[in-house]
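**Q** Can you keep this structure in mind? I'll have questions shortly.
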Amino acid sequence: MLSPNDKKLEKLDPFYRPSVAKQKTSAEIISEARNALRTVGTQRPFTPQENQRKLFGPASSRAPENRPPSSFSLHASSFESSDSRPISGTRLSPLELKPKVPAPPTTEEDPCLSFPKPPVDPAKIRRISSARARLFRAASQGALLPDRTLPPAERKKTVESKDTVRMGDSVVKVNGIYLTESKAIGHFKSHPLQLTYDGGFSEIKEPEMFKGATSLPSHLRSGGDQGKRRSRASSCPSGSDLSRLETKAVSNTDLQEKATEMETDDVFWNTRIVPILHKLEKEGSVEALCAACTQLHGALEEGNLLGKKSQRRSVLLKTLYKLVDVGSDPLSLKLAKMMLALRVSRKNLLNVCKLIFKISRSEKNDSLIRSDSILESLLEVLRSEDLQTNAEAFLYCVGAIKFISGNSGFLHEMISKGAVEILMNLIKQITENTNKCGACLPNSGHLLVQMTATLRNLVDSPLARSKLLSVSALPQLCTVMGQHMSDKDVCTNVARIFSKLTTYRDCCIALANHSRCYALFLNLINKYQKQQDLVVRIVFILGNLTAKNNQAREQFFKEKGSIPALLSLFHTFYRLDLHPRRPASGGDGQPTSPKPQAQGEDVLIKLTRVLANLAIHPGIGPAMAASPQVVGLLLATLEYKSIDDCAELVINTVATINNLSYYQVKNSIIQDQKLHIAELLLKLLGSDNMDGILEAVRVFGNLSQDRDVCDFIVQKNVHQFMIALLDARHQDICFSACGVLLNLTVEKDKRAILKEGGGIKKLVACLRDFGPTDWQLACLVCKTLWNFSENITSASSCFGDEDTNTLLVLLSSFLDEELALDDSFDQDLKNYHKLHWETEFKPVAQQLLNRIQTHHTFLEPLPFPSF
């Protein structure tokens, strides 16, 4: 007699996969989809490294005649000597010259304003003229270096004997006293020198300095007759006169300090800079010139002579420009760094950037660039100079940065010095200017190609990705793609950046949240449908966005023409892959190398991945399953492509069919073509590719819910293959194979097949081996055994004595929570196992254990009597 509870258990329906007849909530569908549906993974499109460093690689869409040159020659004559003379933005009108004959001074005027009388001595006149000529030549040319070294005799004539100053070494002689350099500077501050009429120097006495400073021409003093009357009216100064005198005293003090400072600078220039310039003017080895340049740069920095404020800047630049003709890369880098520190502009800035660009084209110079800290100078150019004024210079500057960014050794230095922020700021300037003008600025595309290529190299660093997210770079890059849709090079580089970024969860979420990106990517697919290198990356990005984001799936699907655009692209590359282009004959009659067929396959692989990911959404999957175009292209792929030809494409296609076959809807094309699909899957079951076999078994797990497919499985002996897979010792394969066997045992006439090939014993072995670590698989095994034993009369006759005893022991121990749940797992994994143990395994296992115990006797059979 069976207990009432046992009778209720006997009336329960067989276990099988949930029927679609029962209406499910969206939460239930999504929960089941996590087990029955899955996303498809793939590799990021491969970007081969360019053999040569150029502004634009061989795959560029720009015609050679429309590209800025990557090869050029630079000489000293390429630089402009007028760099220190800034050009005014306003053209000045010429002044009319109206000469007036000077009137003779009156007795009332200041006698000091009378015209000077020329010296009588002709020798003095010659000395004055030569001194003035030397000063004029030094001021106009900026050169304080003597043309030749004078003999001692002539030197005594040009400098007074007691005021001899020796420059060029560390000892200075003043008034017959030898002073060290530091003491000489202090002496000159307290005893300034002046150039005398005979070309020498003499000390300026303090009263004379003030006298010269306060002597003003009549037109600068308080004006006209009023001033004359005031001077005649009273000899006592008024209050306003005292105020003017105080102002003059302050002015005199400022002039004195300024004069002292200028004289100190002169001493530093003559004692520290001039000797180094002499070394650079001499013909020496490259090593000596490099050492002198390093010494000069340090001295200029020490004397605060870098930048544009130095009056002798033109002298320095002329000397540096001449050394460019030496043609040494180490020397040229030092020269370029010093020129940038002197803030060259316009054409000279362009030439310096070209010079560094030219040197950086060779990878062997990367070590020189690192040792001379050229990167910091280049970034400072981008940070401080005006973009619109120096667009071409920026092009070569960023081009050089792009080259060295390909060296992983520079990544950390670049990012830590603000390269990401600088580049994104320039990109923002370009996009804003484009919005203002309503069209792309000239040559902005060339510069964007270099900047986006540099960012593509930088995003390999986690720090760079963090910085890009912090400055909202992804929406800005989408804007660049939208503005430069017709520039394939720019779009390809940005797509490469997104291809890398979207493989990381935080970056993928940031791009997915930018709702405009989906329409942008669809426009690119439609515009460049046959440009494999671009569309394969766009489709890869879409696959990343839709992999784990249900909202992204929905947003993309709702874009107008989304699925048709994917299908059109699929059809284009399907035909290219089906009928590859024949190799064209070259000029010598020999065929050129054909386009690799793998490129077309790569696009199809990424496309099937997007379709598989979209099918996970409960509102999109049924619509795709009912689309003849979607299902037709997938089946056509399986028909002409074998797994030996392209395993990834075939596996992704079967995975997409698996996701679509999950939805048992009335108008499903998958259901209409179920037997044809089953025929196609037989080829995969016979292959040696375990991943392909696993995907095929998963599809059979969904299709075998249909009676016709179950009949097909038995007729083709597929069930025997499923039983054999239970020995695979692979949890996923065992799980999928057990699912097919579970569906077969729903049909009463097919339950006996489990005894073929030791099916029961293998199911029990799966329960024993995988139960404690996979309660979902253990649940499937119990459901299959429950269906098989529906009409049980004796446990031993149903399962066999050995398997019955094993089941009793396993089920009893697995239902004991303390024994079943392993404490060695961490808390999260332990909670996961406990959830599936309580909700899935325990209810089924308890019922199966009760059934076996009810129909099992522990009495041993009596032996037959012997006669």
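A note on labels: chains of the structure tokens are A, B, ... as shown, every chain counts residues from 1, and ligands are counted from 1 in their shown order.
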Determine, counting only C-alpha atoms, which protein, DNA and RNA residues have an atom within 10 Å of an atom of Ala765 (chain A); residues of the same chain fewer than 5 positions away are not included. Present the result as an MDAnalysis selection string.

**A** chainID A and resid 726:727 729 759:760 770:771 781 803 806:807

**Q** Just give me the gap between CA of Ala737 (chain A) and CA of Arg698 (chain A) in Å, one decimal is fine.

**A** 7.8 Å

**Q** Which value, in Å to one decimal, gives the distance between CA of Thr793 (chain A) and CA of Leu848 (chain A)?

**A**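 Distance reported for this atom pair: 13.9 Å.
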
**Q** I'd like the contact shell of Cys508 (chain A) - 12 Å cut-off, only C-alpha atoms, skipping same-chain residues fewer than 4 positions apart - returned as a list in words.

**A**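 Once the adjacent positions are removed, what remains is Arg465, Leu469, Leu474, Ile497, Phe498, Ser499, Lys500, Leu501, Thr502, Thr503, Tyr504, Ala512, Asn513, His514, Cys517, Phe540, Ile541, Leu542, Gly543, Asn544, Leu545, Thr546, Ala547, Lys548, Asn549 and Ala552 of chain A.
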
**Q** Just want the 10 Å neighbourhood of Lys783 (chain A), counted on only C-alpha atoms, with same-chain residues fewer than 5 positions away dropped. Output as a list of chain:residue names.

**A**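 Counting only C-alpha atoms, the residues come to A:Pro14, A:Phe15, A:Tyr16, A:Cys738, A:Gly739, A:Leu742, A:Asn743, A:Thr745, A:Leu777, A:Ala778, A:Phe788, A:Ser789, A:Phe841, A:Val844, A:Ala845, A:Gln847, A:Leu848.
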